[in-house]
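The structure appears right after this line, and notes come after that.
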Amino acid sequence: MVACDTAERQHTAGLIERIDRTGPALDAVFHAAGTNQVLPLDELTLAGLAEVAAAKAAGAANLHELTAERELTAFVLFSSGAAIWGSGQQAGYAAANAFLDGLAEHRRGRGLAAASVSWGLWGGGGMGQGEGGDRLQRLGLREMAPERAIESLAGIVDRPNATGTLTVADLDWARFAPVFTLHRPSALIGDLPEVRQALDADASARDGQDGPAHGTAQGGALGQQLHGLTPADQERMLTELIRAEAAAVLGHSSADEVEADRAFKDLGFDSLTAVELRNRLNTATGMKLPATLVFDYPTPELLADHVRTVMSPDEGTGSPSIINEIEQLQSALSAVAGDCELRDDVTRLLRGMLSNWIGTQRADEPASTDIEFQSATPDEVFSFLDQELGLPRSTPQTN
């Protein structure tokens, strides 16, 4: 073993010279260096990008340039799934690994040996451990036994005519696919049979979604607690439930960290935590809520109001069923996002429906009792407020 910073061209050149001088002859290059960096994209600086890219990109570029004229049996780059499907708060790391994939294609285009392996989560210690590894496992990446991963690598090296870029990962599709396709269908994984099966199962679980809470013992208990309470008390109880579950998902020790009127996205929710919160609320309420609920109802208060309305449909006027139909329509619309011609037709229909709805609503509104406040006298303003609030006639005070 020789200590060498491959990101420094001079150091790498010295290493290769040493190999040539002492032997045996250089036959293969395996570039497995990496530096982890967890940082929001808007906080990533040029210096931070250079730091995380140095080991990956600069080291690979130096090894490529210094061995390009040699007859190597293998030139293997250890890339990452972050370059294939992305990785939250690892923009620099994802970009550096994407460079490795591009470099492998470049070398193969020149007739040189090259393979870039985008790895999933390795077990046995290393960069996949700690908080980052825990998050990847929640996302659906299972730890790969190092022995099995090496077997896969051997199979790749033994196939010189195989594609230059491959992905090796152990994925729990039932967890990974719903999160990865939360906002839109995925051309990357959408045609995989395992993904179709996982998404079909998730869709089947949502059939009849937003039904009353009776699907689980816990949901039934919640329904009994809500029974007999006023709508305001029901909403208060549900808001506290949602805050507690959201705090648990985000890793907070107390629901005090989750403000009832603050947007979920500002609290730190993303696709993964949105699905996790949906799953926890499904268990707590016995309902079958959509995974997009934190985006459809962006604060705990709004979400609590929606859950209360659906859990107590008899207290409404029939509007919950209309709301459900609109939400189902919203889900259906996401399926035609890529069909431009159909999308234009749907847009025209929706605009017409909205125009008719607004026109009907305006026609049903009672005559306005508003006054022109800018030109009203103080007495007129106080009289208006007394009328609106049902208070006895008050007399304005003047100084």
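How things are named: the first chain in the structure tokens is A, the next is B, and so on; residues count from 1 in each chain; ligands count from 1 in the order shown.
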
Distance query region 265-276 of chain A at most 7 Å, only C-alpha atoms, self and fewer than 5 positions along chain excluded, as a list in words
Leu139, Val179, Leu182, Val249, Ala291, Thr292 and Val294 of chain A

Check which residues of region 42-70 of chain A sit at most 12 Å from region 102-110 of chain A using only C-alpha atoms, and return one row each with the closest pair of atoms and their distance in Å to one decimal, ordered by chain and rising number, as a tab-separated table.
residue	atom	partner	partner_atom	distance
A:Lys56	CA	A:Leu103	CA	11.2
A:Ala57	CA	A:Leu103	CA	9.1
A:Ala58	CA	A:Leu103	CA	11.2
A:Gly59	CA	A:Leu103	CA	11.7
A:Ala60	CA	A:Leu103	CA	8.2
A:Ala61	CA	A:Leu103	CA	7.9
A:Asn62	CA	A:Leu103	CA	11.3
A:Leu63	CA	A:Leu103	CA	11.0
A:His64	CA	A:Arg107	CA	8.2
A:Glu65	CA	A:Arg107	CA	10.2
A:Thr67	CA	A:Arg107	CA	11.0
A:Ala68	CA	A:Arg107	CA	8.4
A:Glu69	CA	A:Arg110	CA	10.9

Could you take the residues named above and write them with C-alpha atoms, as a short mmCIF file (atom, residue, chain, number, x, y, z; two decimals), in the first residue's frame?
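Everything below was put into out21.cif:
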data_model
loop_
_atom_site.label_atom_id
_atom_site.label_comp_id
_atom_site.auth_asym_id
_atom_site.auth_seq_id
_atom_site.Cartn_x
_atom_site.Cartn_y
_atom_site.Cartn_z
CA LYS A 56 -13.90 11.44 -7.34
CA ALA A 57 -13.54 13.57 -10.47
CA ALA A 58 -9.99 14.92 -10.30
CA GLY A 59 -8.54 11.58 -9.21
CA ALA A 60 -10.35 9.74 -12.01
CA ALA A 61 -9.28 12.31 -14.60
CA ASN A 62 -5.64 12.01 -13.56
CA LEU A 63 -5.71 8.21 -13.65
CA HIS A 64 -7.36 8.31 -17.07
CA GLU A 65 -4.92 10.76 -18.62
CA THR A 67 -2.83 5.58 -18.32
CA ALA A 68 -4.62 6.37 -21.58
CA GLU A 69 -1.74 5.06 -23.69
#

If you run DSSP on the backbone, which residues of region 127-359 of chain A are alpha helix (DSSP H), as a ChimeraX atom specification?
/A:130-139,146-157,173-180,193-206,217-226,231-250,264-267,271-285,293-296,300-311,319-334,340-359

Every residue of region 4-94 of chain A that DSSP places in strand (DSSP E or B), as a PyMOL selection string
chain A and resi 28-31+39+74-80+90

Report the distance between CA of Gly14 (chain A) and CA of Val29 (chain A) in Å, rounded to one decimal place.
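Result for CA of Gly14 (chain A) versus CA of Val29 (chain A): 15.3 Å, one decimal.
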
Looking at only C-alpha atoms, which of A:Leu277, A:Met311, A:Leu100, A:Ala174 is the one that sits closest to His227 (chain A)?
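That would be A:Met311, the residue with the smallest distance to His227 (chain A).
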